[in-house]
Amino acid sequence: MVTTDPFSGRTVLITGANRGLGQALVEELLHRGAARVYAGSRQPLTHPDPRVTTLPLDVTDAAQVTAAAKTVADLDLLINNAGISTPEPLGDRESLDRHLAVNLYGPWALTQAFRPHLTTAHGAVVNVLSLAAIASLPIMPAYSVSKAAALSLTQATRALLAADGVRVHAVLAGPIDTDMTRDLPVQKTPPEAVAHAVLEAVAAGTEDIFPDPWSAQLTESWAGGPVRKLEQDNAALLAQLT
Ligand SMILES: NC(=O)c1ccc[n+]([C@@H]2O[C@H](COP(=O)([O-])OP(=O)(O)OC[C@H]3O[C@@H](n4cnc5c(N)ncnc54)[C@H](OP(=O)(O)O)[C@@H]3O)[C@@H](O)[C@H]2O)c1
């Protein structure tokens, strides 16, 4: 029996697509037969595959986000992947602002801008978060705060966009072998393996995704645990009141 890949023929936008996990997601989607991959990038980017369209996209630039939403006619899947992580101390207010601008307001702005497209397609959003969203990494306090806030954003968006038929996924990844963790002396998973696991989980309808051996230890306890139960109870309250 021939089975069709769920991403075959789909249109996808990935932010931060020029390197690291974003680049690996582009390649995995092309491999799986995506019809069009919009590669959002702050850097000039070319790709040999004609299915890739580069979008100049700094996720903190409102004008570029608006322009991207006008350029893209249809969209099945938005992957909010762009992120920053720098190790300033928690007392550095500018660092906190910078992390929130990219890691929280970035996914917020993209999701708002592409909500009409995703509603039409009954599509999906994938927010690339981190295990630091659920347990703060004190060596990267601003990063952890921003990813925790982005997890809350993800939960709210998940409940609110359900009425539009749009699914919202969180990727709660452990260390990935990219520039971001170049100086971190821990075991890391190759971005290609993470990209594959993320898309497998999205295809399976998994909402909270633990895509590497480190994070995967939490899969079962998280799925049946009190945080998920509370999230579902809160979503049910929304349904009662609207
Ligand atoms: N690496 C890890 O261990 C790890 C673990 C868990 C989660 N994550 C998450 O995975 C995602 C990808 O990270 P990575 O590991 O691939 O890191 P990376 O190699 O440092 O890549 C980060 C990407 O984000 C882009 N970016 C940064 N600020 C941006 C902005 N304002 N607008 C648009 N793009 C921007 C970068 O573009 P430029 O090239 O222009 O800077 C780059 O493409 C991030 O959300 C990160 O938090 C990473």
# chains A, B, ... in the order shown; residues from 1 in each chain; ligands from 1
$ residues_near_ligand --ligand "ligand 1" --cutoff "8 Å" --atoms "only C-alpha atoms and all ligand atoms" --output "ChimeraX atom specification"
/A:15-23,40-43,57-61,80-85,101-103,106,127-132,143,147,171-181,188,191
$ select_by_dssp --residues "stretch 20-215 of chain A" --states "strand (DSSP E)" --output "ChimeraX atom specification"
/A:36-41,52-56,77-80,124-128,167-171,208-209
$ residues_around --residues "A:Thr120" --least-positions-apart "2" --cutoff "10 Å" --atoms "only C-alpha atoms" --output "list in words"
Asp74, Leu75, Asp76, Arg115, Pro116, His117, Leu118, His122, Gly123, Asp164, Gly165 and Val166 of chain A
$ write_last_selection --atoms "C-alpha atoms" --output "PDB file, in the first residue's frame"
ATOM      1  CA  ASP A  74      -1.757  30.163   1.203  1.00  0.00           C
ATOM      2  CA  LEU A  75      -0.226  28.517   4.240  1.00  0.00           C
ATOM      3  CA  ASP A  76      -0.769  25.118   5.843  1.00  0.00           C
ATOM      4  CA  ARG A 115      -4.061  33.414  11.380  1.00  0.00           C
ATOM      5  CA  PRO A 116      -6.342  34.120   8.365  1.00  0.00           C
ATOM      6  CA  HIS A 117      -4.224  31.884   6.099  1.00  0.00           C
ATOM      7  CA  LEU A 118      -4.105  29.088   8.686  1.00  0.00           C
ATOM      8  CA  HIS A 122      -7.320  24.431   8.835  1.00  0.00           C
ATOM      9  CA  GLY A 123      -3.585  24.385   9.305  1.00  0.00           C
ATOM     10  CA  ASP A 164     -10.736  27.991  13.720  1.00  0.00           C
ATOM     11  CA  GLY A 165      -9.635  24.403  13.199  1.00  0.00           C
ATOM     12  CA  VAL A 166      -5.978  25.373  13.661  1.00  0.00           C
TER      13      VAL A 166
END
$ residues_around --residues "A:Ala203" --least-positions-apart "4" --cutoff "9 Å" --atoms "only C-alpha atoms" --output "NGL selection string"
:A and (5-7 or 198-199)
$ residues_around --residues "stretch 136-141 of chain A" --least-positions-apart "3" --cutoff "6 Å" --atoms "only C-alpha atoms" --output "list of chain:residue names"
A:Pro87, A:Leu90, A:Ala132, A:Ser144
$ closest_residue --among "A:Val65, A:Val125, A:Ala39, A:Leu25" --to "A:Ile79" --atoms "only C-alpha atoms"
A:Val125
